[in-house]
$ cat my_file_6.cif   # mmCIF, C-alpha atoms
data_input
#
loop_
_atom_site.label_atom_id
_atom_site.label_comp_id
_atom_site.auth_asym_id
_atom_site.auth_seq_id
_atom_site.Cartn_x
_atom_site.Cartn_y
_atom_site.Cartn_z
CA MET H 126 -21.89 -47.00 -12.15
CA SER H 127 -19.05 -45.21 -13.93
CA VAL H 128 -16.03 -43.85 -12.11
CA LYS H 129 -16.92 -40.34 -13.24
CA ARG H 130 -20.41 -40.59 -11.77
CA SER H 131 -19.06 -42.03 -8.48
CA ILE H 132 -16.65 -39.11 -8.13
CA ALA H 133 -19.46 -36.66 -8.88
CA HIS H 134 -21.65 -38.24 -6.21
CA SER H 135 -18.77 -38.10 -3.71
CA PHE H 136 -18.40 -34.37 -4.29
CA TRP H 137 -22.17 -33.93 -3.93
CA ILE H 138 -22.18 -35.73 -0.56
CA ALA H 139 -19.16 -33.72 0.61
CA HIS H 140 -20.92 -30.50 -0.45
CA LYS H 141 -24.06 -31.53 1.49
CA ASP H 142 -22.06 -32.28 4.68
CA LEU H 143 -20.10 -29.05 4.46
CA LEU H 144 -23.31 -27.10 3.88
CA GLU H 145 -24.84 -28.63 7.01
CA PHE H 146 -21.66 -27.85 8.91
CA SER H 147 -21.70 -24.21 7.76
CA ARG H 148 -25.27 -23.81 9.02
CA ASN H 149 -24.23 -24.89 12.53
CA ARG H 150 -22.92 -21.63 13.95
CA VAL H 151 -21.36 -23.23 17.01
CA LEU H 152 -19.31 -25.70 14.97
CA LEU H 153 -18.36 -22.96 12.52
CA VAL H 154 -17.00 -20.77 15.32
CA MET H 155 -15.20 -23.74 16.91
CA LEU H 156 -13.50 -24.43 13.57
CA PHE H 157 -11.36 -21.36 14.23
CA VAL H 158 -11.44 -21.21 18.02
CA PHE H 159 -10.05 -24.72 18.59
CA PRO H 160 -6.72 -24.24 16.75
CA LEU H 161 -6.46 -20.77 18.31
CA PHE H 162 -6.79 -22.29 21.80
CA MET H 163 -4.27 -24.98 21.01
CA MET H 164 -1.67 -22.49 19.80
CA LEU H 165 -2.23 -20.11 22.71
CA MET H 166 -2.00 -22.88 25.29
CA THR H 167 1.15 -24.45 23.86
CA GLY H 168 2.72 -21.07 23.23
CA TYR H 169 2.20 -19.51 26.64
CA ILE H 170 1.95 -22.20 29.32
CA PHE H 171 5.47 -23.59 29.20
CA PRO H 172 8.00 -22.52 31.84
CA SER H 173 9.38 -19.04 31.39
CA GLY H 174 12.77 -17.73 32.43
CA GLU H 175 11.18 -15.67 35.21
CA SER H 176 9.13 -18.52 36.70
CA ILE H 177 11.88 -19.35 39.20
CA LYS H 178 11.62 -15.99 40.94
CA ASP H 179 10.11 -15.46 44.41
CA MET H 180 9.90 -19.13 45.41
CA PRO H 181 8.43 -19.25 48.95
CA VAL H 182 10.90 -20.90 51.34
CA VAL H 183 10.67 -21.17 55.11
CA ILE H 184 13.73 -21.03 57.41
CA VAL H 185 13.95 -23.07 60.62
CA ASN H 186 16.77 -22.38 63.07
CA GLU H 187 17.29 -25.37 65.38
CA ASP H 188 20.69 -24.11 66.56
CA ILE H 189 19.54 -22.71 69.89
CA VAL H 190 21.96 -21.80 72.68
CA GLU H 191 21.35 -20.31 76.08
CA GLY H 192 19.65 -17.00 75.47
CA GLY H 193 18.28 -17.77 72.03
CA GLU H 194 19.60 -18.38 68.51
CA SER H 195 23.36 -18.78 68.17
CA PRO H 196 25.42 -15.94 66.64
CA GLU H 197 26.71 -18.30 63.91
CA SER H 198 23.18 -19.26 62.82
CA ILE H 199 22.01 -15.64 62.93
CA GLN H 200 24.92 -14.64 60.70
CA PHE H 201 24.09 -17.51 58.32
CA ILE H 202 20.46 -16.33 57.99
CA GLU H 203 21.53 -12.72 57.47
CA ASN H 204 24.00 -13.72 54.76
CA LEU H 205 21.43 -15.96 53.08
CA THR H 206 18.93 -13.09 53.03
CA LEU H 207 21.59 -10.71 51.71
CA PHE H 208 22.52 -13.06 48.87
CA ASN H 209 18.85 -13.43 47.98
CA ASP H 210 18.32 -9.65 47.90
CA HIS H 211 20.56 -9.53 44.81
CA THR H 212 18.77 -12.35 42.96
CA GLY H 213 15.16 -12.44 44.14
CA TYR H 214 15.01 -16.20 43.73
CA PHE H 215 13.25 -16.77 47.05
CA THR H 216 10.77 -15.22 49.44
CA PHE H 217 11.93 -16.21 52.92
CA SER H 218 9.82 -16.55 56.05
CA ARG H 219 10.45 -18.08 59.46
CA THR H 220 8.84 -20.86 61.46
CA GLY H 221 9.71 -22.57 64.70
CA SER H 222 10.15 -26.27 63.95
CA TYR H 223 10.95 -28.92 61.36
CA ASP H 224 7.44 -30.39 61.61
CA GLU H 225 5.80 -27.00 60.99
CA ALA H 226 7.99 -26.46 57.93
CA ARG H 227 7.12 -29.92 56.57
CA ASP H 228 3.39 -29.30 57.14
CA GLN H 229 3.58 -25.99 55.26
CA ILE H 230 5.23 -27.75 52.32
CA THR H 231 2.62 -30.53 52.38
CA ARG H 232 -0.21 -27.98 52.29
CA GLY H 233 1.43 -26.29 49.30
CA GLU H 234 2.14 -23.04 51.15
CA LYS H 235 5.93 -23.31 50.69
CA PHE H 236 8.15 -24.82 48.00
CA GLY H 237 10.86 -25.84 50.45
CA ALA H 238 12.63 -25.17 53.73
CA VAL H 239 16.15 -24.41 54.98
CA ILE H 240 16.79 -26.16 58.30
CA ILE H 241 19.82 -25.04 60.33
CA ASN H 242 20.74 -28.14 62.32
CA SER H 243 20.96 -28.06 66.13
CA ASN H 244 24.72 -28.82 66.12
CA PHE H 245 25.48 -26.11 63.55
CA THR H 246 27.59 -23.86 65.80
CA ASP H 247 29.31 -26.71 67.69
CA HIS H 248 30.55 -28.25 64.44
CA ILE H 249 31.83 -24.97 63.02
CA LEU H 250 33.68 -24.02 66.21
CA SER H 251 35.28 -27.49 66.36
CA GLY H 252 36.53 -27.21 62.78
CA LYS H 253 33.81 -29.37 61.23
CA GLN H 254 31.16 -28.48 58.71
CA GLY H 255 27.91 -26.97 60.01
CA GLY H 256 24.95 -28.97 58.80
CA VAL H 257 22.14 -27.37 56.78
CA THR H 258 19.18 -29.42 55.55
CA VAL H 259 17.24 -28.32 52.48
CA LEU H 260 13.74 -29.80 52.66
CA TYR H 261 11.92 -29.96 49.32
CA ASP H 262 8.49 -30.79 47.91
CA GLN H 263 8.51 -34.13 46.08
CA SER H 264 5.16 -33.43 44.45
CA LYS H 265 6.84 -30.74 42.30
CA PRO H 266 10.03 -32.41 41.01
CA GLN H 267 10.94 -29.76 38.44
CA ILE H 268 10.62 -26.91 40.93
CA SER H 269 12.37 -28.92 43.66
CA SER H 270 15.36 -29.59 41.42
CA GLN H 271 15.63 -25.86 40.68
CA LEU H 272 15.19 -24.95 44.33
CA THR H 273 17.83 -27.38 45.63
CA ALA H 274 20.27 -26.40 42.88
CA VAL H 275 19.94 -22.68 43.51
CA LEU H 276 19.99 -22.98 47.30
CA GLY H 277 22.97 -25.31 47.08
CA SER H 278 24.84 -22.83 44.89
CA VAL H 279 24.01 -19.88 47.15
CA ILE H 280 24.98 -21.68 50.38
CA SER H 281 28.20 -22.95 48.77
CA GLN H 282 29.10 -19.39 47.75
CA MET H 283 28.38 -18.21 51.29
CA GLY H 284 30.60 -20.98 52.66
CA THR H 285 33.44 -20.17 50.28
CA THR H 286 33.28 -16.48 51.21
CA LYS H 287 33.32 -17.34 54.91
CA ALA H 288 36.23 -19.78 54.49
CA ILE H 289 38.29 -17.22 52.58
CA ALA H 290 37.64 -14.53 55.17
CA THR H 291 38.39 -16.86 58.09
CA VAL H 292 41.62 -18.28 56.68
CA SER H 293 42.87 -14.93 55.39
CA ASN H 294 42.30 -13.25 58.75
CA ALA H 295 43.95 -16.08 60.65
CA THR H 296 47.01 -16.83 58.55
CA GLY H 297 47.25 -14.19 55.86
CA MET H 298 46.98 -16.87 53.17
CA ASP H 299 46.06 -15.69 49.67
CA ASN H 300 42.69 -16.42 48.08
CA ASN H 301 43.93 -19.30 45.92
CA ALA H 302 45.16 -21.19 48.96
CA SER H 303 42.03 -20.32 50.89
CA ARG H 304 39.77 -21.81 48.24
CA ALA H 305 41.40 -25.16 48.82
CA MET H 306 40.14 -25.18 52.38
CA VAL H 307 36.99 -27.09 53.26
CA THR H 308 33.92 -24.84 53.19
CA PRO H 309 32.17 -24.53 56.56
CA TYR H 310 28.68 -25.62 55.45
CA LYS H 311 27.44 -29.10 54.58
CA ILE H 312 24.14 -29.28 52.63
CA ASP H 313 21.79 -32.26 52.93
CA ASN H 314 18.88 -32.32 50.46
CA LYS H 315 15.89 -34.20 51.82
CA GLY H 316 12.31 -34.81 50.70
CA THR H 317 9.31 -34.48 52.98
CA VAL H 318 8.55 -38.20 52.64
CA PRO H 319 10.94 -41.19 52.53
CA GLY H 320 12.32 -42.39 49.22
CA ASP H 321 13.07 -40.75 45.90
CA PRO H 322 9.87 -40.70 43.78
CA SER H 323 10.12 -41.02 40.02
CA TYR H 324 8.62 -38.52 37.59
CA PHE H 325 5.69 -40.89 37.08
CA GLN H 326 4.86 -40.53 40.78
CA PHE H 327 4.26 -36.85 39.97
CA LEU H 328 2.48 -37.62 36.69
CA ALA H 329 0.11 -40.39 37.86
CA PRO H 330 -2.33 -38.23 39.92
CA GLY H 331 -2.72 -35.79 37.04
CA MET H 332 -3.30 -38.62 34.58
CA MET H 333 -5.94 -40.16 36.85
CA MET H 334 -7.92 -36.95 37.11
CA MET H 335 -7.52 -36.16 33.42
CA VAL H 336 -8.85 -39.60 32.42
CA VAL H 337 -11.78 -39.16 34.82
CA MET H 338 -12.58 -35.75 33.33
CA PHE H 339 -12.47 -37.01 29.74
CA SER H 340 -14.55 -40.08 30.60
CA VAL H 341 -17.29 -38.12 32.36
CA MET H 342 -17.52 -35.10 30.09
CA LEU H 343 -17.19 -36.92 26.77
CA GLY H 344 -19.56 -39.65 27.91
CA LEU H 345 -22.41 -37.23 28.58
CA PRO H 346 -23.02 -36.28 24.91
CA ARG H 347 -23.21 -39.98 24.13
CA ALA H 348 -25.57 -40.59 27.05
CA ILE H 349 -27.94 -37.69 26.30
CA SER H 350 -27.47 -36.08 22.86
CA HIS H 351 -26.97 -39.37 21.03
CA GLU H 352 -30.09 -40.87 22.59
CA LYS H 353 -32.07 -37.78 21.61
CA GLU H 354 -30.91 -38.12 18.00
CA ALA H 355 -31.58 -41.88 17.96
CA GLY H 356 -35.08 -41.37 19.36
CA THR H 357 -34.61 -43.64 22.39
CA PHE H 358 -34.68 -40.67 24.74
CA ASP H 359 -38.37 -40.12 24.01
CA GLY H 360 -39.10 -43.49 25.58
CA ILE H 361 -37.33 -42.44 28.78
CA LEU H 362 -39.27 -39.16 28.87
CA ALA H 363 -42.54 -41.03 28.35
CA ALA H 364 -41.82 -43.29 31.33
CA PRO H 365 -43.37 -42.38 34.71
CA THR H 366 -40.22 -40.77 36.08
CA SER H 367 -39.14 -37.23 36.88
CA ARG H 368 -36.62 -35.13 34.98
CA PHE H 369 -34.46 -35.10 38.10
CA SER H 370 -34.39 -38.92 38.17
CA ILE H 371 -33.26 -38.95 34.55
CA ILE H 372 -30.41 -36.53 35.10
CA LEU H 373 -29.39 -38.30 38.31
CA GLY H 374 -29.37 -41.67 36.58
CA LYS H 375 -27.26 -40.36 33.69
CA THR H 376 -24.90 -38.70 36.16
CA LEU H 377 -24.48 -41.87 38.23
CA ALA H 378 -23.76 -43.93 35.12
CA GLN H 379 -21.10 -41.56 33.78
CA GLY H 380 -19.65 -41.04 37.25
CA SER H 381 -19.28 -44.80 37.71
CA ARG H 382 -17.49 -45.07 34.37
CA GLY H 383 -15.13 -42.28 35.32
CA LEU H 384 -14.41 -43.82 38.73
CA ILE H 385 -13.66 -47.21 37.18
CA GLN H 386 -11.30 -45.69 34.62
CA GLY H 387 -9.54 -43.65 37.30
CA GLY H 388 -9.12 -46.86 39.31
CA VAL H 389 -7.65 -48.63 36.28
CA VAL H 390 -5.08 -45.85 35.83
CA LEU H 391 -4.18 -46.07 39.53
CA LEU H 392 -3.80 -49.85 39.36
CA LEU H 393 -1.56 -49.65 36.30
CA ALA H 394 0.54 -46.94 37.97
CA LEU H 395 1.01 -49.14 41.04
CA VAL H 396 1.75 -52.37 39.18
CA LEU H 397 3.67 -51.23 36.09
CA PHE H 398 5.40 -48.04 37.20
CA GLY H 399 6.00 -48.62 40.91
CA VAL H 400 3.97 -45.64 42.10
CA VAL H 401 3.57 -45.61 45.88
CA VAL H 402 0.50 -44.01 47.47
CA GLN H 403 1.88 -42.28 50.56
CA GLY H 404 -1.55 -41.26 51.84
CA SER H 405 -4.90 -42.96 52.33
CA PHE H 406 -6.49 -44.98 49.51
CA LEU H 407 -9.91 -43.97 50.83
CA LEU H 408 -8.92 -40.32 50.44
CA VAL H 409 -7.79 -41.03 46.86
CA ILE H 410 -11.24 -42.50 46.09
CA LEU H 411 -12.96 -39.56 47.78
CA LEU H 412 -11.00 -37.10 45.62
CA LEU H 413 -11.86 -39.01 42.44
CA ILE H 414 -15.54 -38.79 43.40
CA LEU H 415 -15.21 -35.07 44.18
CA GLY H 416 -13.49 -34.57 40.82
CA ILE H 417 -16.39 -36.29 39.06
CA PHE H 418 -18.86 -34.15 41.03
CA SER H 419 -17.09 -30.94 39.93
CA PHE H 420 -16.94 -31.99 36.25
CA ILE H 421 -20.44 -33.40 35.81
CA GLY H 422 -22.26 -30.08 36.05
CA MET H 423 -20.21 -28.50 33.27
CA GLY H 424 -20.82 -31.54 31.10
CA ILE H 425 -24.59 -31.36 31.58
CA VAL H 426 -24.63 -27.60 30.85
CA ILE H 427 -22.83 -28.07 27.54
CA THR H 428 -24.91 -31.11 26.56
CA SER H 429 -28.12 -29.19 27.36
CA VAL H 430 -27.28 -26.16 25.21
CA ALA H 431 -25.86 -28.12 22.26
CA ARG H 432 -28.22 -29.01 19.42
CA ASP H 433 -26.66 -32.38 18.63
CA GLU H 434 -23.98 -34.85 19.75
CA GLU H 435 -21.29 -33.52 17.42
CA THR H 436 -21.71 -29.95 18.68
CA ALA H 437 -21.69 -31.15 22.30
CA GLN H 438 -18.49 -33.15 21.84
CA THR H 439 -16.81 -30.24 20.07
CA LEU H 440 -17.70 -27.87 22.90
CA MET H 441 -16.46 -30.43 25.42
CA MET H 442 -13.09 -30.64 23.70
CA ILE H 443 -12.82 -26.85 23.57
CA LEU H 444 -13.34 -26.75 27.33
CA GLN H 445 -11.20 -29.75 28.21
CA PHE H 446 -8.02 -28.92 26.34
CA PRO H 447 -7.37 -25.59 28.11
CA MET H 448 -8.17 -27.29 31.43
CA MET H 449 -5.72 -30.07 30.66
CA PHE H 450 -2.90 -27.68 29.79
CA LEU H 451 -3.57 -25.22 32.62
CA SER H 452 -4.10 -27.69 35.45
CA GLY H 453 -0.52 -28.88 35.94
CA VAL H 454 -0.90 -32.42 34.60
CA PHE H 455 2.59 -32.53 33.08
CA PHE H 456 4.50 -29.91 35.09
CA PRO H 457 3.74 -27.65 38.07
CA ILE H 458 1.59 -24.61 37.33
CA GLU H 459 4.09 -22.52 39.35
CA GLN H 460 6.45 -22.78 36.37
CA MET H 461 3.96 -21.12 34.03
CA PRO H 462 3.99 -17.37 33.35
CA TRP H 463 2.09 -15.49 36.06
CA TYR H 464 -0.94 -14.71 33.88
CA MET H 465 -1.39 -18.40 33.04
CA GLN H 466 -1.17 -19.25 36.74
CA TYR H 467 -4.16 -16.97 37.37
CA LEU H 468 -6.12 -18.64 34.56
CA SER H 469 -5.36 -22.07 36.01
CA LYS H 470 -7.20 -21.12 39.21
CA VAL H 471 -10.59 -21.00 37.47
CA THR H 472 -10.63 -24.70 36.50
CA PRO H 473 -11.72 -27.48 38.91
CA LEU H 474 -9.19 -29.88 37.40
CA THR H 475 -6.36 -27.78 38.89
CA TYR H 476 -7.62 -28.25 42.45
CA ALA H 477 -8.49 -31.91 41.94
CA ILE H 478 -4.96 -32.68 40.72
CA GLN H 479 -3.31 -30.59 43.45
CA ALA H 480 -5.23 -32.42 46.18
CA LEU H 481 -4.68 -35.88 44.69
CA ARG H 482 -0.97 -35.20 44.18
CA LYS H 483 -0.58 -34.11 47.81
CA VAL H 484 -2.19 -37.34 49.01
CA VAL H 485 -0.35 -39.69 46.62
CA VAL H 486 3.12 -38.10 46.72
CA LEU H 487 3.30 -36.32 50.09
CA GLY H 488 0.97 -38.45 52.20
CA ALA H 489 -1.27 -35.49 53.00
CA GLY H 490 -4.30 -35.93 55.23
CA ILE H 491 -7.74 -34.43 54.78
CA GLU H 492 -6.75 -31.42 56.90
CA ASP H 493 -4.01 -30.57 54.36
CA ILE H 494 -6.40 -30.45 51.39
CA THR H 495 -9.39 -28.73 52.99
CA THR H 496 -9.15 -25.75 50.63
CA GLU H 497 -9.18 -27.93 47.52
CA ILE H 498 -12.12 -29.98 48.82
CA ILE H 499 -14.19 -26.86 49.49
CA ILE H 500 -13.42 -25.45 46.03
CA LEU H 501 -14.35 -28.72 44.28
CA LEU H 502 -17.62 -28.90 46.21
CA ALA H 503 -18.37 -25.28 45.31
CA PHE H 504 -17.67 -25.94 41.61
CA GLY H 505 -20.00 -28.93 41.66
CA VAL H 506 -22.84 -27.21 43.51
CA ILE H 507 -22.71 -24.07 41.33
CA THR H 508 -22.50 -25.87 37.99
CA LEU H 509 -25.21 -28.39 38.92
CA GLY H 510 -27.39 -25.50 40.09
CA ILE H 511 -27.09 -24.09 36.57
CA ALA H 512 -27.24 -27.46 34.80
CA ILE H 513 -30.46 -28.91 36.23
CA PRO H 514 -32.78 -26.06 35.06
CA LEU H 515 -31.04 -26.02 31.66
CA PHE H 516 -31.46 -29.78 31.32
CA ARG H 517 -35.17 -29.59 32.18
CA LYS H 518 -35.62 -26.81 29.63
CA ALA H 519 -33.71 -28.79 26.98
CA MET H 520 -35.94 -31.83 27.57
CA SER H 521 -39.06 -29.76 26.90
CA ARG H 522 -37.82 -28.66 23.47
#
$ encode --input "my_file_6.cif" --output "structure tokens"
Amino acid sequence: MSVKRSIAHSFWIAHKDLLEFSRNRVLLVMLFVFPLFMMLMTGYIFPSGESIKDMPVVIVNEDIVEGGESPESIQFIENLTLFNDHTGYFTFSRTGSYDEARDQITRGEKFGAVIINSNFTDHILSGKQGGVTVLYDQSKPQISSQLTAVLGSVISQMGTTKAIATVSNATGMDNNASRAMVTPYKIDNKGTVPGDPSYFQFLAPGMMMMVVMFSVMLGLPRAISHEKEAGTFDGILAAPTSRFSIILGKTLAQGSRGLIQGGVVLLLALVLFGVVVQGSFLLVILLLILGIFSFIGMGIVITSVARDEETAQTLMMILQFPMMFLSGVFFPIEQMPWYMQYLSKVTPLTYAIQALRKVVVLGAGIEDITTEIIILLAFGVITLGIAIPLFRKAMSR
């Protein structure tokens, strides 16, 4: 066969494939939607300059004297609130104890806490530095670094102002000499759990859930659509078994694959990258199973409505990429622009990662992730309720 004829045949085959592609309306639409999604996600999800505003922080005053809170600690809180009124970096609230503040951080209700130590007034009156502990959330390292830096700067400015005023009133010294004096506040930054986790400690839970999602949702087109195209699915339908048994069997197979792959990622994180699971391993496994349960329904819906394996896989990718970007795999969703934060709340991957990260990084118990568990169960029940009738209908076509 001549080279000219081979080239002509190649163009003919390419023309045939493109013609088939153009007749598939779903794939034709996705040809333009996919790059649009990619550009929108990468263009709008990354941290904005305003994402640091209104960080929720709780204040705990342990400096109690006879009759209530000490005057020094009250003045400190008033000054801290006054400084914040000019910047809007934080939204302050109060709670009664260190343990309550830590629990609020673990549940994700607060980004951090300012703890006024019990010896705060005694130290200041005796010429020492009053101790202030800044408690931060180790499951959100980027936000915690911003929070501790800003709080440290604000408290240092407050201390400098107080030192200048105190020394000037007492001795009449000028400001330059006053600035050389020791500031009255000592800041101690402390995480809610022991140790100093690496960035991979934050990243590992997100990677586990992301791998599970990709395994389950991309495996379904292979398990269903590919078998339909190959003709082997007809043999399963001809067997004396119900449609429900078929969908349950396919779901169990893909769920098992996803669970194994999630376990492999966890093992590698523990062995190679020194990740420490602060919480229960059983709770980690439970969350992986709940994640699979929440993803499987969406996968079956897409596989049921798609005409072939290629269309199903394309639709899966269109759904998965926004979920991956919006769910906080690589950085906390709180750093995204506000409108992207709202979008992130409609994906089950967001809640699966949040819950798993709380368990792995913060040592959270099941009572700390109740909200996420309920949402994941709701996602799974609703999507499976839609998927099962669609699957039965697709099998009859």
$ residues_around --input "my_file_6.cif" --residues "region 447-451 of chain H" --least-positions-apart "2" --cutoff "6 Å" --atoms "only C-alpha atoms" --output "VMD selection string"
chain H and resid 445 453 469
$ write_last_selection --input "my_file_6.cif" --atoms "C-alpha atoms" --output "mmCIF file, keeping the file's coordinate frame"
data_model
loop_
_atom_site.group_PDB
_atom_site.id
_atom_site.type_symbol
_atom_site.label_atom_id
_atom_site.label_comp_id
_atom_site.auth_asym_id
_atom_site.auth_seq_id
_atom_site.Cartn_x
_atom_site.Cartn_y
_atom_site.Cartn_z
ATOM 1 C CA GLN H 445 -11.200 -29.750 28.210
ATOM 2 C CA GLY H 453 -0.520 -28.880 35.940
ATOM 3 C CA SER H 469 -5.360 -22.070 36.010
#
$ resolve_selection --input "my_file_6.cif" --expression "the PyMOL selection byres ((chain H and resi 179-185) around 7)" --output "NGL selection string"
:H and (177-178 or 186-187 or 213-223 or 226 or 235-241)
$ atom_distance --input "my_file_6.cif" --atom1 "CA of Gln254 (chain H)" --atom2 "CA of Gly316 (chain H)"
21.4 Å
$ atom_distance --input "my_file_6.cif" --atom1 "CA of Leu487 (chain H)" --atom2 "CA of Phe446 (chain H)"
27.3 Å
$ atom_distance --input "my_file_6.cif" --atom1 "CA of Phe327 (chain H)" --atom2 "CA of Val486 (chain H)"
7.0 Å
$ residues_around --input "my_file_6.cif" --residues "region 317-321 of chain H" --least-positions-apart "5" --cutoff "12 Å" --atoms "only C-alpha atoms" --output "PyMOL selection string"
chain H and resi 223-233+235-238+258-266+269+326-327+399-404+483-489
$ closest_residue --input "my_file_6.cif" --among "H:Ser452, H:Thr285, H:Thr475, H:Ser198" --to "Phe245 (chain H)" --atoms "all atoms listed in the file"
H:Ser198
$ resolve_selection --input "my_file_6.cif" --expression "the PyMOL selection byres ((chain H and resi 412) around 9)" --output "list in words"
Leu407, Leu408, Val409, Ile410, Leu411, Leu413, Ile414, Leu415, Gly416, Ile417, Ala477, Ile478, Ala480, Leu481 and Ile498 of chain H
$ write_last_selection --input "my_file_6.cif" --atoms "C-alpha atoms" --output "CSV table (one decimal), keeping the file's coordinate frame"
chain,number,residue,atom,x,y,z
H,407,LEU,CA,-9.9,-44.0,50.8
H,408,LEU,CA,-8.9,-40.3,50.4
H,409,VAL,CA,-7.8,-41.0,46.9
H,410,ILE,CA,-11.2,-42.5,46.1
H,411,LEU,CA,-13.0,-39.6,47.8
H,413,LEU,CA,-11.9,-39.0,42.4
H,414,ILE,CA,-15.5,-38.8,43.4
H,415,LEU,CA,-15.2,-35.1,44.2
H,416,GLY,CA,-13.5,-34.6,40.8
H,417,ILE,CA,-16.4,-36.3,39.1
H,477,ALA,CA,-8.5,-31.9,41.9
H,478,ILE,CA,-5.0,-32.7,40.7
H,480,ALA,CA,-5.2,-32.4,46.2
H,481,LEU,CA,-4.7,-35.9,44.7
H,498,ILE,CA,-12.1,-30.0,48.8
$ residues_around --input "my_file_6.cif" --residues "Ile372 (chain H)" --least-positions-apart "6" --cutoff "10 Å" --atoms "all atoms listed in the file" --output "PyMOL selection string"
chain H and resi 349+378+425+512-513+516-517
$ closest_residue --input "my_file_6.cif" --among "H:Gln466, H:Asp493, H:Thr246, H:Lys311" --to "Gly277 (chain H)" --atoms "all atoms listed in the file"
H:Lys311
$ resolve_selection --input "my_file_6.cif" --expression "the PyMOL selection byres ((chain H and resi 382-396) around 6)" --output "MDAnalysis selection string"
chainID H and resid 333 337 340:341 379:381 397:400
$ closest_residue --input "my_file_6.cif" --among "H:Leu343, H:Met423, H:Val336, H:Val275" --to "Gln438 (chain H)" --atoms "only C-alpha atoms"
H:Leu343
$ closest_residue --input "my_file_6.cif" --among "H:Ser419, H:Thr206, H:Asn242, H:Thr212" --to "Ile189 (chain H)" --atoms "only C-alpha atoms"
H:Asn242
$ closest_residue --input "my_file_6.cif" --among "H:Ile500, H:Met335, H:Leu345, H:Ile199" --to "Gly374 (chain H)" --atoms "all atoms listed in the file"
H:Leu345
$ closest_residue --input "my_file_6.cif" --among "H:Val454, H:Lys518, H:Ile280, H:Tyr464" --to "Ala329 (chain H)" --atoms "only C-alpha atoms"
H:Val454
$ build_atoms --input "my_file_6.cif" --residues "region 464-479 of chain H" --atoms "N, CA and C atoms" --output "PDB file, in the coordinates of the input"
ATOM      1  N   TYR H 464       0.432 -14.886  34.351  1.00  0.00           N
ATOM      2  CA  TYR H 464      -0.940 -14.710  33.880  1.00  0.00           C
ATOM      3  C   TYR H 464      -1.607 -16.053  33.622  1.00  0.00           C
ATOM      4  N   MET H 465      -0.829 -17.068  33.217  1.00  0.00           N
ATOM      5  CA  MET H 465      -1.390 -18.400  33.040  1.00  0.00           C
ATOM      6  C   MET H 465      -1.682 -19.052  34.393  1.00  0.00           C
ATOM      7  N   GLN H 466      -0.900 -18.724  35.401  1.00  0.00           N
ATOM      8  CA  GLN H 466      -1.170 -19.250  36.740  1.00  0.00           C
ATOM      9  C   GLN H 466      -2.521 -18.755  37.249  1.00  0.00           C
ATOM     10  N   TYR H 467      -2.853 -17.496  36.962  1.00  0.00           N
ATOM     11  CA  TYR H 467      -4.160 -16.970  37.370  1.00  0.00           C
ATOM     12  C   TYR H 467      -5.285 -17.680  36.621  1.00  0.00           C
ATOM     13  N   LEU H 468      -5.089 -17.938  35.333  1.00  0.00           N
ATOM     14  CA  LEU H 468      -6.120 -18.640  34.560  1.00  0.00           C
ATOM     15  C   LEU H 468      -6.331 -20.059  35.085  1.00  0.00           C
ATOM     16  N   SER H 469      -5.252 -20.692  35.534  1.00  0.00           N
ATOM     17  CA  SER H 469      -5.360 -22.070  36.010  1.00  0.00           C
ATOM     18  C   SER H 469      -6.256 -22.184  37.243  1.00  0.00           C
ATOM     19  N   LYS H 470      -6.426 -21.085  37.972  1.00  0.00           N
ATOM     20  CA  LYS H 470      -7.200 -21.120  39.210  1.00  0.00           C
ATOM     21  C   LYS H 470      -8.712 -21.133  38.988  1.00  0.00           C
ATOM     22  N   VAL H 471      -9.153 -20.997  37.737  1.00  0.00           N
ATOM     23  CA  VAL H 471     -10.590 -21.000  37.470  1.00  0.00           C
ATOM     24  C   VAL H 471     -11.083 -22.367  37.000  1.00  0.00           C
ATOM     25  N   THR H 472     -10.226 -23.380  36.962  1.00  0.00           N
ATOM     26  CA  THR H 472     -10.630 -24.700  36.500  1.00  0.00           C
ATOM     27  C   THR H 472     -10.631 -25.690  37.675  1.00  0.00           C
ATOM     28  N   PRO H 473     -11.675 -26.508  37.808  1.00  0.00           N
ATOM     29  CA  PRO H 473     -11.720 -27.480  38.910  1.00  0.00           C
ATOM     30  C   PRO H 473     -10.643 -28.548  38.800  1.00  0.00           C
ATOM     31  N   LEU H 474     -10.203 -28.847  37.574  1.00  0.00           N
ATOM     32  CA  LEU H 474      -9.190 -29.880  37.400  1.00  0.00           C
ATOM     33  C   LEU H 474      -7.900 -29.510  38.132  1.00  0.00           C
ATOM     34  N   THR H 475      -7.564 -28.233  38.181  1.00  0.00           N
ATOM     35  CA  THR H 475      -6.360 -27.780  38.890  1.00  0.00           C
ATOM     36  C   THR H 475      -6.402 -28.202  40.352  1.00  0.00           C
ATOM     37  N   TYR H 476      -7.516 -27.953  41.011  1.00  0.00           N
ATOM     38  CA  TYR H 476      -7.620 -28.250  42.450  1.00  0.00           C
ATOM     39  C   TYR H 476      -7.733 -29.747  42.693  1.00  0.00           C
ATOM     40  N   ALA H 477      -8.389 -30.459  41.786  1.00  0.00           N
ATOM     41  CA  ALA H 477      -8.490 -31.910  41.940  1.00  0.00           C
ATOM     42  C   ALA H 477      -7.118 -32.561  41.843  1.00  0.00           C
ATOM     43  N   ILE H 478      -6.299 -32.112  40.884  1.00  0.00           N
ATOM     44  CA  ILE H 478      -4.960 -32.680  40.720  1.00  0.00           C
ATOM     45  C   ILE H 478      -4.068 -32.285  41.890  1.00  0.00           C
ATOM     46  N   GLN H 479      -4.132 -31.027  42.323  1.00  0.00           N
ATOM     47  CA  GLN H 479      -3.310 -30.590  43.450  1.00  0.00           C
ATOM     48  C   GLN H 479      -3.588 -31.435  44.688  1.00  0.00           C
TER      49      GLN H 479
END
